[in-house]
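> Next comes structure25.pdb, PDB, C-alpha atoms, pLDDT in the B column:
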ATOM      1  CA  MET V  17     -22.456 -16.715  -4.131  1.00 74.00           C
ATOM      2  CA  GLN V  18     -23.036 -14.569  -1.032  1.00 81.00           C
ATOM      3  CA  ALA V  19     -20.358 -16.606   0.765  1.00 88.00           C
ATOM      4  CA  LYS V  20     -17.773 -14.920  -1.467  1.00 92.00           C
ATOM      5  CA  LEU V  21     -18.551 -11.488   0.016  1.00 92.00           C
ATOM      6  CA  SER V  22     -16.334 -10.016   2.718  1.00 89.00           C
ATOM      7  CA  PRO V  23     -18.075  -9.063   5.997  1.00 89.00           C
ATOM      8  CA  SER V  24     -17.801  -5.350   5.143  1.00 86.00           C
ATOM      9  CA  LEU V  25     -19.316  -5.925   1.689  1.00 91.00           C
ATOM     10  CA  ALA V  26     -22.092  -8.081   3.155  1.00 91.00           C
ATOM     11  CA  THR V  27     -22.848  -5.301   5.664  1.00 88.00           C
ATOM     12  CA  THR V  28     -23.229  -2.680   2.927  1.00 89.00           C
ATOM     13  CA  LEU V  29     -25.088  -4.986   0.557  1.00 91.00           C
ATOM     14  CA  ALA V  30     -28.533  -3.463   1.198  1.00 91.00           C
ATOM     15  CA  SER V  31     -27.227  -0.008   0.283  1.00 90.00           C
ATOM     16  CA  LEU V  32     -25.520  -1.339  -2.859  1.00 91.00           C
ATOM     17  CA  LEU V  33     -28.718  -3.045  -3.988  1.00 91.00           C
ATOM     18  CA  ARG V  34     -30.614   0.251  -3.649  1.00 92.00           C
ATOM     19  CA  HIS V  35     -28.087   1.908  -5.985  1.00 92.00           C
ATOM     20  CA  PRO V  36     -26.809  -0.985  -8.114  1.00 90.00           C
ATOM     21  CA  THR V  37     -25.294   1.206 -10.839  1.00 91.00           C
ATOM     22  CA  ALA V  38     -23.256   3.447  -8.516  1.00 92.00           C
ATOM     23  CA  PRO V  39     -19.486   2.854  -8.955  1.00 92.00           C
ATOM     24  CA  HIS V  40     -17.304   1.520  -6.126  1.00 92.00           C
ATOM     25  CA  LEU V  41     -13.842   0.042  -5.688  1.00 90.00           C
ATOM     26  CA  PHE V  42     -13.802  -3.748  -5.412  1.00 93.00           C
ATOM     27  CA  LEU V  43     -10.933  -6.127  -4.708  1.00 91.00           C
ATOM     28  CA  ILE V  44     -11.392  -9.544  -6.293  1.00 93.00           C
ATOM     29  CA  GLN V  45      -9.476 -12.734  -5.580  1.00 92.00           C
ATOM     30  CA  SER V  46      -9.545 -15.146  -8.505  1.00 93.00           C
ATOM     31  CA  THR V  47      -7.542 -18.196  -9.544  1.00 92.00           C
ATOM     32  CA  ARG V  48      -7.615 -16.857 -13.104  1.00 90.00           C
ATOM     33  CA  SER V  49      -7.346 -13.147 -12.468  1.00 88.00           C
ATOM     34  CA  GLY V  50      -5.831 -12.373 -15.868  1.00 88.00           C
ATOM     35  CA  ALA V  51      -8.721 -13.868 -17.811  1.00 90.00           C
ATOM     36  CA  LEU V  52     -11.236 -12.273 -15.447  1.00 91.00           C
ATOM     37  CA  ALA V  53      -9.582  -8.869 -15.882  1.00 89.00           C
ATOM     38  CA  ASP V  54      -9.808  -9.198 -19.676  1.00 88.00           C
ATOM     39  CA  SER V  55     -13.482 -10.091 -19.404  1.00 87.00           C
ATOM     40  CA  LEU V  56     -14.278  -7.182 -17.086  1.00 88.00           C
ATOM     41  CA  GLN V  57     -12.467  -4.665 -19.264  1.00 84.00           C
ATOM     42  CA  ALA V  58     -15.000  -5.379 -21.986  1.00 82.00           C
ATOM     43  CA  SER V  59     -17.730  -3.941 -19.774  1.00 83.00           C
ATOM     44  CA  PRO V  60     -18.282  -0.188 -20.251  1.00 86.00           C
ATOM     45  CA  ALA V  61     -19.274   0.098 -16.579  1.00 84.00           C
ATOM     46  CA  THR V  62     -15.920  -1.229 -15.366  1.00 86.00           C
ATOM     47  CA  ALA V  63     -12.534   0.454 -15.056  1.00 84.00           C
ATOM     48  CA  MET V  64      -9.684  -1.981 -14.515  1.00 78.00           C
ATOM     49  CA  LEU V  65      -7.391  -0.188 -12.080  1.00 81.00           C
ATOM     50  CA  ARG V  66      -4.629  -2.746 -11.673  1.00 82.00           C
ATOM     51  CA  ARG V  67      -3.620  -6.282 -10.972  1.00 82.00           C
ATOM     52  CA  VAL V  68      -2.425  -6.171  -7.369  1.00 83.00           C
ATOM     53  CA  THR V  69      -0.854  -9.631  -7.266  1.00 79.00           C
ATOM     54  CA  ALA V  70      -1.210 -12.776  -9.370  1.00 80.00           C
ATOM     55  CA  ASP V  71      -4.499 -13.563  -7.595  1.00 87.00           C
ATOM     56  CA  PHE V  72      -5.953 -10.112  -6.845  1.00 89.00           C
ATOM     57  CA  ILE V  73      -7.316  -7.428  -9.142  1.00 90.00           C
ATOM     58  CA  LEU V  74      -8.669  -3.998  -8.237  1.00 91.00           C
ATOM     59  CA  VAL V  75     -11.584  -2.693 -10.291  1.00 92.00           C
ATOM     60  CA  LYS V  76     -13.990   0.220 -10.214  1.00 92.00           C
ATOM     61  CA  THR V  77     -17.443  -0.951 -11.162  1.00 93.00           C
ATOM     62  CA  ASN V  78     -21.013  -1.213  -9.921  1.00 92.00           C
ATOM     63  CA  TYR V  79     -22.811  -3.958  -8.053  1.00 92.00           C
ATOM     64  CA  ASP V  80     -24.781  -4.991 -11.134  1.00 92.00           C
ATOM     65  CA  VAL V  81     -21.490  -6.066 -12.728  1.00 92.00           C
ATOM     66  CA  VAL V  82     -20.388  -7.732  -9.487  1.00 93.00           C
ATOM     67  CA  GLN V  83     -23.529  -9.847  -9.467  1.00 91.00           C
ATOM     68  CA  ALA V  84     -23.614 -10.625 -13.171  1.00 90.00           C
ATOM     69  CA  LYS V  85     -19.939 -11.194 -13.996  1.00 91.00           C
ATOM     70  CA  ILE V  86     -17.918 -11.584 -10.813  1.00 94.00           C
ATOM     71  CA  LEU V  87     -19.847 -13.544  -8.194  1.00 94.00           C
ATOM     72  CA  SER V  88     -21.063 -15.983 -10.834  1.00 92.00           C
ATOM     73  CA  ASP V  89     -17.498 -16.749 -11.963  1.00 93.00           C
ATOM     74  CA  THR V  90     -16.336 -20.055 -10.457  1.00 93.00           C
ATOM     75  CA  SER V  91     -12.719 -18.829 -10.302  1.00 94.00           C
ATOM     76  CA  VAL V  92     -13.676 -16.030  -7.870  1.00 95.00           C
ATOM     77  CA  HIS V  93     -13.320 -16.882  -4.190  1.00 92.00           C
ATOM     78  CA  PHE V  94     -13.456 -13.491  -2.455  1.00 92.00           C
ATOM     79  CA  VAL V  95     -14.847 -10.013  -3.182  1.00 94.00           C
ATOM     80  CA  ASP V  96     -14.348  -6.994  -0.942  1.00 91.00           C
ATOM     81  CA  ILE V  97     -15.366  -3.354  -1.192  1.00 90.00           C
ATOM     82  CA  ILE V  98     -12.633  -0.771  -0.653  1.00 85.00           C
ATOM     83  CA  ASP V  99     -14.298   2.093   1.181  1.00 79.00           C
ATOM     84  CA  ARG V 100     -12.141   2.809   4.220  1.00 76.00           C
ATOM     85  CA  GLU V 101     -10.625   6.246   4.693  1.00 76.00           C
ATOM     86  CA  VAL V 102      -6.940   6.620   5.422  1.00 81.00           C
ATOM     87  CA  HIS V 103      -5.089   9.398   7.222  1.00 77.00           C
ATOM     88  CA  GLU V 104      -1.500  10.144   8.048  1.00 76.00           C
ATOM     89  CA  GLU V 105      -0.490  10.016  11.674  1.00 71.00           C
ATOM     90  CA  GLN V 106       0.397  13.236  13.464  1.00 66.00           C
ATOM     91  CA  SER V 107       3.729  14.892  12.753  1.00 62.00           C
ATOM     92  CA  ILE V 108       6.515  14.120  15.176  1.00 62.00           C
ATOM     93  CA  ALA V 109       7.789  17.125  17.122  1.00 63.00           C
ATOM     94  CA  GLY V 110      11.228  16.919  18.721  1.00 67.00           C
ATOM     95  CA  PHE V 111      12.139  13.512  17.284  1.00 71.00           C
ATOM     96  CA  ASP V 112      14.053  11.425  19.829  1.00 76.00           C
ATOM     97  CA  ASN V 113      16.168   8.684  18.274  1.00 77.00           C
ATOM     98  CA  THR V 114      16.687   7.010  21.650  1.00 79.00           C
ATOM     99  CA  LEU V 115      13.061   5.858  21.698  1.00 75.00           C
ATOM    100  CA  ASN V 116      13.646   2.962  19.308  1.00 76.00           C
ATOM    101  CA  THR V 117      17.367   2.756  20.191  1.00 84.00           C
ATOM    102  CA  ILE V 118      18.397   4.087  16.787  1.00 83.00           C
ATOM    103  CA  ASN V 119      21.290   5.820  18.544  1.00 84.00           C
ATOM    104  CA  SER V 120      22.458   2.457  19.927  1.00 88.00           C
ATOM    105  CA  LEU V 121      22.412   0.946  16.447  1.00 85.00           C
ATOM    106  CA  GLN V 122      24.456   3.841  15.120  1.00 86.00           C
ATOM    107  CA  ALA V 123      26.978   3.495  17.949  1.00 89.00           C
ATOM    108  CA  LEU V 124      27.331  -0.298  17.643  1.00 92.00           C
ATOM    109  CA  TYR V 125      27.411  -0.440  13.853  1.00 90.00           C
ATOM    110  CA  PRO V 126      28.827   2.893  12.633  1.00 87.00           C
ATOM    111  CA  SER V 127      29.660   1.485   9.189  1.00 89.00           C
ATOM    112  CA  PHE V 128      26.107   0.279   8.488  1.00 89.00           C
ATOM    113  CA  THR V 129      24.623   2.386   5.692  1.00 90.00           C
ATOM    114  CA  ALA V 130      22.400   0.027   3.623  1.00 91.00           C
ATOM    115  CA  ASN V 131      23.995   1.367   0.442  1.00 91.00           C
ATOM    116  CA  GLY V 132      22.263  -0.042  -2.604  1.00 88.00           C
ATOM    117  CA  LEU V 133      19.073  -1.034  -0.782  1.00 92.00           C
ATOM    118  CA  SER V 134      15.738   0.626  -1.550  1.00 95.00           C
ATOM    119  CA  VAL V 135      12.881   1.438   0.836  1.00 96.00           C
ATOM    120  CA  SER V 136       9.399   2.484  -0.244  1.00 96.00           C
ATOM    121  CA  VAL V 137       7.433   4.897   1.968  1.00 96.00           C
ATOM    122  CA  LYS V 138       3.719   4.267   1.413  1.00 95.00           C
ATOM    123  CA  GLU V 139       1.912   7.511   2.170  1.00 93.00           C
ATOM    124  CA  ASN V 140       2.037  10.972   0.633  1.00 92.00           C
ATOM    125  CA  ARG V 141       5.204  12.322  -0.976  1.00 92.00           C
ATOM    126  CA  PRO V 142       8.335  13.274   1.019  1.00 93.00           C
ATOM    127  CA  ASP V 143      10.023  16.607   0.330  1.00 91.00           C
ATOM    128  CA  THR V 144      12.363  16.056  -2.619  1.00 88.00           C
ATOM    129  CA  ALA V 145      14.450  19.082  -1.565  1.00 89.00           C
ATOM    130  CA  ASP V 146      15.277  17.700   1.912  1.00 91.00           C
ATOM    131  CA  ILE V 147      19.075  17.558   2.193  1.00 91.00           C
ATOM    132  CA  ASP V 148      18.998  14.596   4.577  1.00 90.00           C
ATOM    133  CA  PHE V 149      18.253  12.255   1.658  1.00 88.00           C
ATOM    134  CA  SER V 150      19.439  14.427  -1.200  1.00 84.00           C
ATOM    135  CA  HIS V 151      19.945  12.477  -4.466  1.00 88.00           C
ATOM    136  CA  ARG V 152      18.577   9.297  -2.857  1.00 93.00           C
ATOM    137  CA  LEU V 153      14.846  10.022  -3.225  1.00 92.00           C
ATOM    138  CA  GLN V 154      13.398   8.675  -6.451  1.00 89.00           C
ATOM    139  CA  LEU V 155       9.843   9.623  -7.409  1.00 88.00           C
ATOM    140  CA  THR V 156       8.234   6.791  -9.349  1.00 88.00           C
ATOM    141  CA  GLU V 157       4.944   6.316 -11.145  1.00 87.00           C
ATOM    142  CA  ALA V 158       3.447   5.196  -7.815  1.00 90.00           C
ATOM    143  CA  ALA V 159       4.209   8.432  -5.929  1.00 92.00           C
ATOM    144  CA  SER V 160       1.541  10.759  -4.587  1.00 91.00           C
ATOM    145  CA  ALA V 161       1.317  14.300  -5.927  1.00 90.00           C
ATOM    146  CA  THR V 162       0.687  15.587  -2.369  1.00 92.00           C
ATOM    147  CA  LEU V 163       3.706  16.773  -0.397  1.00 91.00           C
ATOM    148  CA  SER V 164       3.665  15.642   3.242  1.00 89.00           C
ATOM    149  CA  THR V 165       5.641  16.668   6.320  1.00 89.00           C
ATOM    150  CA  HIS V 166       4.899  13.312   7.930  1.00 90.00           C
ATOM    151  CA  ALA V 167       6.224  11.382   4.925  1.00 92.00           C
ATOM    152  CA  THR V 168       9.379  13.511   5.032  1.00 91.00           C
ATOM    153  CA  ILE V 169       9.861  12.671   8.714  1.00 89.00           C
ATOM    154  CA  MET V 170       9.361   8.947   8.055  1.00 91.00           C
ATOM    155  CA  ALA V 171      11.878   9.034   5.200  1.00 93.00           C
ATOM    156  CA  THR V 172      14.336  10.840   7.492  1.00 90.00           C
ATOM    157  CA  ILE V 173      13.958   8.279  10.295  1.00 90.00           C
ATOM    158  CA  ILE V 174      14.489   5.491   7.773  1.00 93.00           C
ATOM    159  CA  ALA V 175      17.356   6.854   5.711  1.00 93.00           C
ATOM    160  CA  GLY V 176      18.268  10.407   6.700  1.00 91.00           C
ATOM    161  CA  ALA V 177      21.977  11.243   6.389  1.00 91.00           C
ATOM    162  CA  GLY V 178      22.034  13.801   9.218  1.00 87.00           C
ATOM    163  CA  ASN V 179      23.115  16.638   6.939  1.00 88.00           C
ATOM    164  CA  SER V 180      20.722  19.152   8.480  1.00 85.00           C
ATOM    165  CA  PHE V 181      21.285  18.211  12.143  1.00 82.00           C
ATOM    166  CA  TYR V 182      22.483  15.159  14.071  1.00 78.00           C
ATOM    167  CA  ASN V 183      18.974  13.906  14.835  1.00 76.00           C
ATOM    168  CA  GLY V 184      18.249  13.885  11.102  1.00 82.00           C
ATOM    169  CA  ARG V 185      20.395  10.768  10.826  1.00 87.00           C
ATOM    170  CA  GLY V 186      18.281   7.687  10.308  1.00 89.00           C
ATOM    171  CA  VAL V 187      18.712   3.932  10.505  1.00 90.00           C
ATOM    172  CA  ALA V 188      19.956   3.301   6.971  1.00 91.00           C
ATOM    173  CA  THR V 189      21.831   6.423   5.925  1.00 91.00           C
ATOM    174  CA  GLY V 190      22.716   5.193   2.443  1.00 92.00           C
ATOM    175  CA  ALA V 191      19.443   3.601   1.379  1.00 95.00           C
ATOM    176  CA  ASN V 192      17.431   4.871  -1.555  1.00 95.00           C
ATOM    177  CA  ILE V 193      13.871   6.069  -0.914  1.00 95.00           C
ATOM    178  CA  THR V 194      10.859   5.739  -3.185  1.00 94.00           C
ATOM    179  CA  SER V 195       7.320   6.915  -2.512  1.00 94.00           C
ATOM    180  CA  SER V 196       4.025   5.088  -3.015  1.00 94.00           C
ATOM    181  CA  SER V 197       0.671   6.837  -2.661  1.00 92.00           C
ATOM    182  CA  ILE V 198      -1.846   5.867   0.033  1.00 89.00           C
ATOM    183  CA  ASP V 199      -4.784   6.678  -2.244  1.00 85.00           C
ATOM    184  CA  VAL V 200      -5.230   2.904  -2.367  1.00 82.00           C
ATOM    185  CA  LEU V 201      -4.036   1.012   0.695  1.00 86.00           C
ATOM    186  CA  LEU V 202      -3.399  -2.270  -1.097  1.00 89.00           C
ATOM    187  CA  PRO V 203       0.150  -3.343  -1.896  1.00 92.00           C
ATOM    188  CA  ASP V 204       1.739  -2.167  -5.113  1.00 92.00           C
ATOM    189  CA  ASN V 205       2.005  -4.720  -7.868  1.00 87.00           C
ATOM    190  CA  ASP V 206       4.974  -7.063  -8.044  1.00 88.00           C
ATOM    191  CA  ASP V 207       6.461  -5.204 -11.027  1.00 88.00           C
ATOM    192  CA  TYR V 208       6.814  -2.005  -8.967  1.00 90.00           C
ATOM    193  CA  TYR V 209       8.792  -3.718  -6.217  1.00 93.00           C
ATOM    194  CA  ALA V 210      10.961  -5.567  -8.737  1.00 92.00           C
ATOM    195  CA  ALA V 211      11.651  -2.583 -11.011  1.00 92.00           C
ATOM    196  CA  HIS V 212      12.878  -0.413  -8.137  1.00 93.00           C
ATOM    197  CA  GLN V 213      14.536  -3.255  -6.172  1.00 92.00           C
ATOM    198  CA  ILE V 214      12.463  -2.512  -3.069  1.00 95.00           C
ATOM    199  CA  SER V 215      13.129  -4.812  -0.125  1.00 94.00           C
ATOM    200  CA  VAL V 216      11.194  -2.871   2.561  1.00 96.00           C
ATOM    201  CA  GLN V 217       7.972  -0.863   2.419  1.00 97.00           C
ATOM    202  CA  ASN V 218       7.011   1.323   5.363  1.00 96.00           C
ATOM    203  CA  HIS V 219       3.371   1.931   6.357  1.00 94.00           C
ATOM    204  CA  SER V 220       2.828   4.706   8.921  1.00 91.00           C
ATOM    205  CA  TYR V 221      -0.816   5.694   8.581  1.00 89.00           C
ATOM    206  CA  GLY V 222      -4.114   5.090  10.301  1.00 85.00           C
ATOM    207  CA  THR V 223      -7.369   3.627   9.038  1.00 84.00           C
ATOM    208  CA  ALA V 224     -10.438   1.786  10.265  1.00 78.00           C
ATOM    209  CA  LEU V 225      -9.857  -1.677  11.699  1.00 78.00           C
ATOM    210  CA  GLU V 226     -10.925  -4.938  10.112  1.00 78.00           C
ATOM    211  CA  ASN V 227     -11.749  -7.594  12.694  1.00 79.00           C
ATOM    212  CA  TYR V 228     -11.724 -10.314  10.050  1.00 81.00           C
ATOM    213  CA  TYR V 229      -9.315 -11.625   7.434  1.00 84.00           C
ATOM    214  CA  GLY V 230     -10.091  -9.014   4.828  1.00 81.00           C
ATOM    215  CA  ALA V 231      -8.864  -7.548   1.583  1.00 77.00           C
ATOM    216  CA  ASP V 232      -5.787  -5.788   2.939  1.00 81.00           C
ATOM    217  CA  ALA V 233      -4.521  -8.791   4.914  1.00 87.00           C
ATOM    218  CA  ALA V 234      -5.098 -11.222   2.058  1.00 85.00           C
ATOM    219  CA  ALA V 235      -3.447  -8.962  -0.511  1.00 87.00           C
ATOM    220  CA  TYR V 236      -0.390  -8.272   1.647  1.00 91.00           C
ATOM    221  CA  ASP V 237       0.001 -11.971   2.418  1.00 91.00           C
ATOM    222  CA  ALA V 238      -0.099 -12.657  -1.314  1.00 89.00           C
ATOM    223  CA  SER V 239       2.429  -9.867  -1.903  1.00 91.00           C
ATOM    224  CA  VAL V 240       5.062 -11.357   0.382  1.00 92.00           C
ATOM    225  CA  LEU V 241       4.350 -14.920  -0.751  1.00 91.00           C
ATOM    226  CA  HIS V 242       5.037 -13.894  -4.340  1.00 88.00           C
ATOM    227  CA  ARG V 243       8.088 -11.839  -3.310  1.00 91.00           C
ATOM    228  CA  PRO V 244       9.660 -13.371  -0.173  1.00 93.00           C
ATOM    229  CA  SER V 245      12.512 -10.815  -0.146  1.00 93.00           C
ATOM    230  CA  LEU V 246      10.027  -7.997   0.522  1.00 95.00           C
ATOM    231  CA  LEU V 247       9.229  -6.872   4.084  1.00 96.00           C
ATOM    232  CA  HIS V 248       6.159  -4.732   4.870  1.00 95.00           C
ATOM    233  CA  VAL V 249       6.545  -2.693   8.101  1.00 94.00           C
TER     234      VAL V 249
END
Will you turn the file into structure tokens for me?

Amino acid sequence: MQAKLSPSLATTLASLLRHPTAPHLFLIQSTRSGALADSLQASPATAMLRRVTADFILVKTNYDVVQAKILSDTSVHFVDIIDREVHEEQSIAGFDNTLNTINSLQALYPSFTANGLSVSVKENRPDTADIDFSHRLQLTEAASATLSTHATIMATIIAGAGNSFYNGRGVATGANITSSSIDVLLPDNDDYYAAHQISVQNHSYGTALENYYGADAAAYDASVLHRPSLLHV
């Protein structure tokens, strides 16, 4: 059963065993995730947070439950602990749209607007009052409650209309913007992407590195395999 543990979970195992009833976030890969989720919900020590993809579920529980109900389940192939901190990158001062040749794109394809397309910005919430994407920012159930200057800048680079100033014009000036919180770094569930017709999700944040094929990589691979029209950037 220990072979099912991710390297980060195996590393923290001694600490978990000393406090086996302390709650933690766990990502579980299972070939019958729906049935496993139903079983875990019956445990008073477990909070079912969400089904990430068809094969991955995110739960808050303790290591006693992991040992008794999860690792012993033959449908479970991988268990990881979600304990990495995330932070937004620094704000961009004096944005220069020549750096990634956005100005060249605008000059070569002046009629490109991406009207009707939707982009999700996964971090804290952009400023809903920003006139560069006025009436094109939709706050969904996945949005963070925390307003962020960095998220506003990212949304402007992606889809700003240039109403405030010329360098507030982004790549896709007609695209709709949605926001998804970085409280949990895993991909949103398939229903979120489908309901809001999201074809691109932007990720501009920093976190600790995984030097193995871990929870994030596996979950994002599953996300795009289940929804091939979705691009994570």
> Evaluate the PyMOL selection byres ((chain V and resi 66) around 12) against this structure - the residues, as number ranges by chain, please.
V: 41-44, 49-50, 53-54, 56-57, 62-65, 67-76, 158, 200, 202-208
> Which residues would end up in the selection if the PyMOL selection byres ((chain V and resi 94-100) around 7) were applied here, given that I need the answer as a compact mmCIF listing (two decimals) with C-alpha atoms, in the coordinates of the input?

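As written to disk, selection23.txt reads:
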# COMPACT_ATOMS: atom_id res chain seq x y z
CA LYS V 20 -17.77 -14.92 -1.47
CA LEU V 21 -18.55 -11.49 0.02
CA SER V 22 -16.33 -10.02 2.72
CA LEU V 25 -19.32 -5.92 1.69
CA LEU V 41 -13.84 0.04 -5.69
CA PHE V 42 -13.80 -3.75 -5.41
CA LEU V 43 -10.93 -6.13 -4.71
CA ILE V 44 -11.39 -9.54 -6.29
CA GLN V 45 -9.48 -12.73 -5.58
CA VAL V 92 -13.68 -16.03 -7.87
CA HIS V 93 -13.32 -16.88 -4.19
CA GLU V 101 -10.62 6.25 4.69
CA VAL V 102 -6.94 6.62 5.42
CA THR V 223 -7.37 3.63 9.04
CA ALA V 224 -10.44 1.79 10.26
CA ALA V 231 -8.86 -7.55 1.58
> Counting all atoms listed in the file, which of V:Asn119, V:Asn227, V:Asn218, V:Ser195 gets nearest to Thr156 of chain V?
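Answer, going by the shortest atom-to-atom distance: V:Ser195.
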> To one decimal place, how far is atom CA of Asn116 of chain V from atom CA of Thr189 of chain V in Å?
16.1 Å
> When distances are computed from all atoms listed in the file, which of V:Ala61, V:Ala167, V:Ala210, V:Ala191 shows the smallest separation from Ser150 of chain V?
V:Ala191
> Specify the axis-aligned box that encloses all atoms of segment 138-157 of chain V listed in the file after padding of 8 Å on each side, stating its centre and edge lengths in Å to one decimal as lines of an AutoDock Vina configuration file.

center_x = 10.9
center_y = 11.7
center_z = -3.3
size_x = 34.0
size_y = 30.8
size_z = 31.7
> Run through the PyMOL selection byres ((chain V and resi 212) around 12) on the given coordinates and return the selected residues as a count of residues only.
30
> Using all atoms listed in the file, pick whichever of V:Leu247, V:Ala171, V:Ala123, V:Ala188 has the shortest atom-to-atom distance to Pro142 of chain V.
V:Ala171
> Could you tell me which of V:His219, V:His35, V:Lys85, V:Arg185 comes closest to Val137 of chain V if we count all atoms listed in the file?
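Closest to Val137 of chain V of all the choices is V:His219.
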> So how many Å separate atom CA of Pro126 of chain V and atom CA of Thr165 of chain V, to one decimal?
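It comes out at 27.7 Å.
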> Which residue, V:Leu201, V:Ala161, V:Ala130, V:Val81, has the smallest gap to Ala177 of chain V when you use all atoms listed in the file?
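Of V:Leu201, V:Ala161, V:Ala130, V:Val81, the one nearest Ala177 of chain V is V:Ala130, counting all atoms listed in the file.
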> Which residue, V:Tyr228, V:Asp237, V:Asp148, V:His248, has the smallest gap to Ile173 of chain V when you use all atoms listed in the file?
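Closest candidate: V:Asp148.
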> Counting only C-alpha atoms, which residues sit no farther than 7 Å from the position (2.5, 12.1, -0.9) in the file's frame? I'd like them as a list in words.
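Nearby residues: Glu139, Asn140, Arg141, Pro142, Ala159, Ser160, Ala161, Thr162, Leu163, Ser164, Ala167 and Ser197 of chain V.
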> Would you pull segment 184-195 of chain V out of the block just shown and save N, CA and C atoms as a PDB file, in the first residue's frame?

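Result file decode.pdb:
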ATOM      1  N   GLY V 184      -3.048  49.206 -22.336  1.00  0.00           N
ATOM      2  CA  GLY V 184      -4.035  48.367 -21.670  1.00  0.00           C
ATOM      3  C   GLY V 184      -4.783  47.497 -22.656  1.00  0.00           C
ATOM      4  N   ARG V 185      -4.276  47.442 -23.895  1.00  0.00           N
ATOM      5  CA  ARG V 185      -4.894  46.591 -24.911  1.00  0.00           C
ATOM      6  C   ARG V 185      -4.177  45.250 -24.932  1.00  0.00           C
ATOM      7  N   GLY V 186      -4.928  44.193 -24.739  1.00  0.00           N
ATOM      8  CA  GLY V 186      -4.324  42.872 -24.631  1.00  0.00           C
ATOM      9  C   GLY V 186      -4.342  42.084 -25.919  1.00  0.00           C
ATOM     10  N   VAL V 187      -4.122  40.789 -25.799  1.00  0.00           N
ATOM     11  CA  VAL V 187      -4.037  39.902 -26.959  1.00  0.00           C
ATOM     12  C   VAL V 187      -5.407  39.661 -27.580  1.00  0.00           C
ATOM     13  N   ALA V 188      -6.394  39.402 -26.746  1.00  0.00           N
ATOM     14  CA  ALA V 188      -7.720  39.010 -27.225  1.00  0.00           C
ATOM     15  C   ALA V 188      -8.744  39.997 -26.680  1.00  0.00           C
ATOM     16  N   THR V 189      -8.901  41.104 -27.363  1.00  0.00           N
ATOM     17  CA  THR V 189      -9.636  42.255 -26.824  1.00  0.00           C
ATOM     18  C   THR V 189     -11.136  42.027 -26.670  1.00  0.00           C
ATOM     19  N   GLY V 190     -11.656  40.949 -27.248  1.00  0.00           N
ATOM     20  CA  GLY V 190     -13.090  40.702 -27.123  1.00  0.00           C
ATOM     21  C   GLY V 190     -13.432  39.485 -26.296  1.00  0.00           C
ATOM     22  N   ALA V 191     -12.435  38.830 -25.747  1.00  0.00           N
ATOM     23  CA  ALA V 191     -12.680  37.597 -24.985  1.00  0.00           C
ATOM     24  C   ALA V 191     -13.335  37.891 -23.647  1.00  0.00           C
ATOM     25  N   ASN V 192     -14.112  36.939 -23.180  1.00  0.00           N
ATOM     26  CA  ASN V 192     -14.688  37.027 -21.836  1.00  0.00           C
ATOM     27  C   ASN V 192     -13.684  36.479 -20.824  1.00  0.00           C
ATOM     28  N   ILE V 193     -13.716  37.024 -19.616  1.00  0.00           N
ATOM     29  CA  ILE V 193     -12.805  36.621 -18.549  1.00  0.00           C
ATOM     30  C   ILE V 193     -13.601  36.049 -17.383  1.00  0.00           C
ATOM     31  N   THR V 194     -13.172  34.911 -16.872  1.00  0.00           N
ATOM     32  CA  THR V 194     -13.698  34.403 -15.612  1.00  0.00           C
ATOM     33  C   THR V 194     -12.521  34.237 -14.654  1.00  0.00           C
ATOM     34  N   SER V 195     -12.824  34.096 -13.381  1.00  0.00           N
ATOM     35  CA  SER V 195     -11.793  33.996 -12.362  1.00  0.00           C
ATOM     36  C   SER V 195     -11.957  32.706 -11.576  1.00  0.00           C
TER      37      SER V 195
END
